[in-house]
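Next comes start_2.cif, with mmCIF, C-alpha atoms.
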data_start
loop_
_atom_site.label_atom_id
_atom_site.label_comp_id
_atom_site.auth_asym_id
_atom_site.auth_seq_id
_atom_site.Cartn_x
_atom_site.Cartn_y
_atom_site.Cartn_z
CA MET A 74 8.65 -13.03 -17.58
CA ASN A 75 9.64 -13.89 -14.03
CA LEU A 76 9.09 -10.97 -11.65
CA LEU A 77 10.26 -11.21 -8.06
CA PHE A 78 7.59 -11.51 -5.36
CA ASP A 79 8.28 -12.29 -1.72
CA PHE A 80 6.00 -12.05 1.32
CA THR A 81 7.48 -12.81 4.75
CA VAL A 82 5.96 -12.50 8.21
CA ASP A 83 8.47 -12.04 11.04
CA LYS A 84 6.50 -12.36 14.28
CA ALA A 85 9.54 -11.70 16.46
CA ALA A 86 10.09 -8.36 14.71
CA LYS A 87 6.30 -7.73 14.46
CA THR A 88 6.95 -6.90 10.81
CA VAL A 89 5.67 -8.04 7.43
CA PHE A 90 8.20 -7.78 4.58
CA ILE A 91 7.00 -7.63 0.98
CA THR A 92 9.21 -7.34 -2.09
CA ARG A 93 7.64 -7.02 -5.50
CA GLU A 94 9.20 -6.34 -8.88
CA PHE A 95 7.33 -4.56 -11.69
CA ASP A 96 8.10 -4.43 -15.38
CA ALA A 97 7.88 -0.62 -15.46
CA ASP A 98 10.17 2.33 -14.90
CA LEU A 99 10.62 3.89 -11.51
CA SER A 100 8.77 7.16 -12.12
CA LEU A 101 5.63 5.32 -13.27
CA VAL A 102 5.65 2.96 -10.26
CA TRP A 103 6.34 5.90 -7.91
CA ASP A 104 3.36 7.79 -9.35
CA ALA A 105 1.16 4.70 -8.95
CA PHE A 106 1.89 4.73 -5.20
CA THR A 107 1.71 8.50 -4.68
CA LYS A 108 -1.07 9.92 -6.88
CA ALA A 109 -4.70 9.42 -5.82
CA GLU A 110 -6.05 9.14 -9.37
CA ILE A 111 -3.74 6.16 -10.03
CA LEU A 112 -3.93 4.68 -6.50
CA ASP A 113 -7.70 4.46 -6.71
CA GLN A 114 -7.39 2.28 -9.81
CA TRP A 115 -5.51 -0.50 -8.00
CA TRP A 116 -5.24 -0.05 -4.19
CA ALA A 117 -7.94 -2.61 -3.33
CA PRO A 118 -8.41 -6.32 -3.95
CA LYS A 119 -11.25 -6.89 -6.41
CA PRO A 120 -14.24 -6.66 -6.10
CA PHE A 121 -13.46 -3.85 -3.61
CA GLU A 122 -12.65 -0.36 -4.86
CA SER A 123 -10.47 2.35 -3.37
CA LYS A 124 -12.01 5.80 -3.03
CA THR A 125 -9.72 8.63 -1.91
CA LYS A 126 -11.36 11.51 -0.08
CA VAL A 127 -8.18 13.44 0.83
CA MET A 128 -4.67 13.11 -0.61
CA GLU A 129 -1.80 15.34 0.48
CA PHE A 130 1.41 13.58 -0.46
CA LYS A 131 3.85 15.58 1.66
CA VAL A 132 5.54 15.10 5.02
CA GLY A 133 2.83 15.72 7.61
CA GLY A 134 0.16 15.20 4.92
CA ARG A 135 -2.29 12.35 4.66
CA ARG A 136 -4.38 10.11 2.48
CA PHE A 137 -7.85 9.39 3.78
CA TYR A 138 -9.66 6.76 1.75
CA ALA A 139 -12.24 4.02 1.88
CA MET A 140 -12.20 0.46 0.67
CA VAL A 141 -15.68 0.14 -0.79
CA SER A 142 -17.40 -3.24 -1.14
CA PRO A 143 -19.66 -4.05 -4.12
CA GLU A 144 -22.62 -3.47 -1.75
CA GLY A 145 -21.31 0.03 -0.94
CA HIS A 146 -19.96 -0.76 2.56
CA GLU A 147 -17.05 1.61 3.35
CA MET A 148 -14.02 0.71 5.47
CA TRP A 149 -12.01 3.88 6.10
CA GLN A 150 -8.24 4.11 6.39
CA LEU A 151 -5.93 6.97 7.25
CA GLN A 152 -2.31 7.15 6.10
CA GLN A 153 -0.18 9.90 7.66
CA TYR A 154 3.04 10.58 5.73
CA THR A 155 6.05 10.83 8.04
CA SER A 156 8.96 10.85 5.57
CA ILE A 157 9.36 11.28 1.81
CA THR A 158 12.52 10.97 -0.30
CA PRO A 159 11.28 11.47 -3.88
CA LYS A 160 11.46 8.39 -6.13
CA THR A 161 13.34 6.46 -3.42
CA ASN A 162 11.37 6.05 -0.20
CA PHE A 163 8.34 7.14 1.73
CA LYS A 164 6.90 6.18 5.10
CA PHE A 165 3.48 6.46 6.63
CA LEU A 166 1.47 5.47 9.67
CA SER A 167 -1.59 3.51 8.58
CA VAL A 168 -4.63 3.28 10.85
CA PHE A 169 -8.23 2.24 10.44
CA ALA A 170 -10.61 5.13 10.99
CA ASP A 171 -14.27 6.03 10.98
CA LYS A 172 -15.89 8.10 8.22
CA ASP A 173 -15.12 11.28 10.20
CA GLU A 174 -11.38 10.50 10.18
CA ASN A 175 -11.16 9.49 13.85
CA PRO A 176 -8.29 6.96 14.01
CA HIS A 177 -8.60 3.52 15.61
CA LEU A 178 -5.16 3.02 17.14
CA PRO A 179 -2.82 1.19 17.15
CA GLY A 180 -1.76 1.37 13.53
CA SER A 181 1.14 0.06 11.51
CA ASN A 182 4.22 1.82 10.17
CA TRP A 183 4.81 1.33 6.45
CA ASP A 184 8.24 1.89 4.91
CA LEU A 185 8.37 1.69 1.10
CA ASN A 186 11.63 1.63 -0.87
CA PHE A 187 11.84 1.97 -4.65
CA ASN A 188 14.77 0.81 -6.75
CA GLU A 189 15.14 0.55 -10.54
CA GLU A 190 17.38 -1.93 -12.36
CA ASN A 191 17.23 -2.89 -16.05
CA LYS A 192 13.94 -0.98 -16.60
CA ARG A 193 12.30 -2.95 -13.80
CA THR A 194 11.29 -1.40 -10.51
CA LYS A 195 11.58 -3.25 -7.22
CA VAL A 196 9.36 -2.09 -4.37
CA SER A 197 10.38 -3.26 -0.91
CA ILE A 198 7.80 -2.71 1.81
CA SER A 199 8.12 -3.31 5.52
CA ILE A 200 5.04 -3.01 7.70
CA TYR A 201 5.83 -2.76 11.40
CA ASN A 202 3.10 -3.27 13.98
CA GLU A 203 3.73 -2.11 17.53
CA SER A 204 1.05 -4.61 18.52
CA LEU A 205 1.75 -8.27 17.66
CA GLU A 206 -1.97 -8.89 18.25
CA ARG A 207 -2.87 -6.33 15.57
CA MET A 208 -0.40 -7.87 13.11
CA GLU A 209 -1.76 -11.38 13.71
CA LYS A 210 -5.32 -10.11 13.25
CA MET A 211 -4.27 -8.40 10.00
CA ILE A 212 -2.78 -11.71 8.74
CA GLU A 213 -5.86 -13.70 9.87
CA MET A 214 -8.14 -11.26 8.00
CA GLY A 215 -6.42 -12.31 4.75
CA PHE A 216 -3.90 -9.48 4.36
CA LYS A 217 -1.44 -11.62 2.39
CA GLU A 218 -4.07 -12.80 -0.11
CA GLY A 219 -5.69 -9.37 -0.37
CA PHE A 220 -2.44 -7.43 -0.78
CA THR A 221 -1.12 -9.98 -3.29
CA MET A 222 -4.29 -9.45 -5.35
CA THR A 223 -3.87 -5.69 -4.99
CA LEU A 224 -0.26 -5.80 -6.24
CA ASN A 225 -1.44 -7.94 -9.17
CA GLU A 226 -3.95 -5.19 -9.97
CA LEU A 227 -1.06 -2.72 -10.02
CA GLU A 228 0.92 -4.98 -12.35
CA ASN A 229 -2.04 -5.13 -14.76
CA LEU A 230 -2.53 -1.35 -14.59
CA LEU A 231 1.19 -0.68 -15.19
CA SER A 232 1.15 -2.88 -18.29
CA THR A 233 -1.65 -0.71 -19.75
CA LEU A 234 -0.03 2.59 -18.69
CA ASN A 235 3.37 1.43 -19.95
CA ARG A 236 2.36 0.92 -23.58
#
Can you give me the file's structure in the form of structure tokens?
Amino acid sequence: MNLLFDFTVDKAAKTVFITREFDADLSLVWDAFTKAEILDQWWAPKPFESKTKVMEFKVGGRRFYAMVSPEGHEMWQLQQYTSITPKTNFKFLSVFADKDENPHLPGSNWDLNFNEENKRTKVSISIYNESLERMEKMIEMGFKEGFTMTLNELENLLSTLNR
């Protein structure tokens, strides 16, 4: 099966565009992106694990979580939800943080769109960075490889949940 995957970096727009198709229905894919118990099963490139401490999926709410290395090193991240249109779109500001939830600005603005066609769900993500320097650092740190692995984890998880 050939599922769409596209990853484009637009330096002029300071934006990363990712489009990924999943062989699963919209409500399942939506839940995978919006429920902590499912997110923690895939939102990290292996061998890292995602560990959610706080999850309030509502406008003005937040997800505070750590990417945990096999050695137990925690890298904290804060996502603040700015807009939610159920099963269609949600947006959040993503910033690195310390373990006490103090943000390390600047962050990046994520805009996720969900669309279902022929029992497949397409997720289109744009990640805007106010700071070109931050975006370039993100890319240099292996964001494309890491996020590609993470989306592959989701694909594997969806195939088990979809049975």
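Nearest to Leu76 in chain A of all the residues A:Arg93, A:Lys119, A:Lys192, A:Lys217 is A:Arg93, counting only C-alpha atoms.
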* Asked: the PyMOL selection byres ((chain A and resi 103) around 10) on the file shown: which residues, as a PyMOL selection string?
  -> chain A and resi 98-102+104-108+159-163+186-188+194+196
* Residue contacts of Phe78 in chain A (12 Å, only C-alpha atoms) excluding same-chain residues fewer than 2 positions away, as a PyMOL selection string -> chain A and resi 75-76+80-81+90-95+194-198+217+220-221+224-225+228
* **Selection dump of the PyMOL selection byres ((chain A and resi 148) around 10), as a list of chain:residue names** => A:Ser123, A:Tyr138, A:Ala139, A:Met140, A:Val141, A:Ser142, A:Gly145, A:His146, A:Glu147, A:Trp149, A:Gln150, A:Phe169, A:Ala170, A:Asp171, A:Lys172
Now that the selection is made, can you save its residues with C-alpha atoms as a PDB file, in the coordinates of the input?
ATOM      1  CA  SER A 123     -10.470   2.350  -3.370  1.00  0.00           C
ATOM      2  CA  TYR A 138      -9.660   6.760   1.750  1.00  0.00           C
ATOM      3  CA  ALA A 139     -12.240   4.020   1.880  1.00  0.00           C
ATOM      4  CA  MET A 140     -12.200   0.460   0.670  1.00  0.00           C
ATOM      5  CA  VAL A 141     -15.680   0.140  -0.790  1.00  0.00           C
ATOM      6  CA  SER A 142     -17.400  -3.240  -1.140  1.00  0.00           C
ATOM      7  CA  GLY A 145     -21.310   0.030  -0.940  1.00  0.00           C
ATOM      8  CA  HIS A 146     -19.960  -0.760   2.560  1.00  0.00           C
ATOM      9  CA  GLU A 147     -17.050   1.610   3.350  1.00  0.00           C
ATOM     10  CA  TRP A 149     -12.010   3.880   6.100  1.00  0.00           C
ATOM     11  CA  GLN A 150      -8.240   4.110   6.390  1.00  0.00           C
ATOM     12  CA  PHE A 169      -8.230   2.240  10.440  1.00  0.00           C
ATOM     13  CA  ALA A 170     -10.610   5.130  10.990  1.00  0.00           C
ATOM     14  CA  ASP A 171     -14.270   6.030  10.980  1.00  0.00           C
ATOM     15  CA  LYS A 172     -15.890   8.100   8.220  1.00  0.00           C
TER      16      LYS A 172
END
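Counting all atoms listed in the file and comparing A:Pro143, A:Ala97, A:Asn182, A:Glu189, the residue that lies closest to Ala117 in chain A is A:Pro143.
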* **Long-range neighbours of Phe130 in chain A as a ChimeraX atom specification, 9 Å cut-off, all atoms listed in the file, 2 positions minimum in chain** => /A:107-108,128,132-136,154,157
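Atom to atom, CA of Asn191 in chain A and CA of Lys131 in chain A stand 28.9 Å apart.
Minimum atom-to-atom distance to Asp173 in chain A, evaluated using only C-alpha atoms, belongs to A:Phe137 out of A:Glu190, A:Thr223, A:Phe137, A:Leu205.
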* **d(CA of Lys126 in chain A, CA of Ser167 in chain A) in Å** => 15.3 Å
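For the set A:Glu110, A:Asp83, A:Glu122, A:Glu129, the residue with the smallest atom-to-atom gap to Tyr201 in chain A is A:Asp83, counting all atoms listed in the file.
Minimum atom-to-atom distance to Pro120 in chain A, evaluated using all atoms listed in the file, belongs to A:Met222 out of A:Leu185, A:Met214, A:Met222, A:Val82.
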* To do: Provide the CA of Trp183 in chain A to CA of Met208 in chain A distance in Å, to one decimal place.
  => 12.5 Å
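In this comparison, which uses only C-alpha atoms, the residue of A:Gly219, A:Ala85, A:Asp96, A:Asp113 approaching Ser204 in chain A most closely is A:Ala85.
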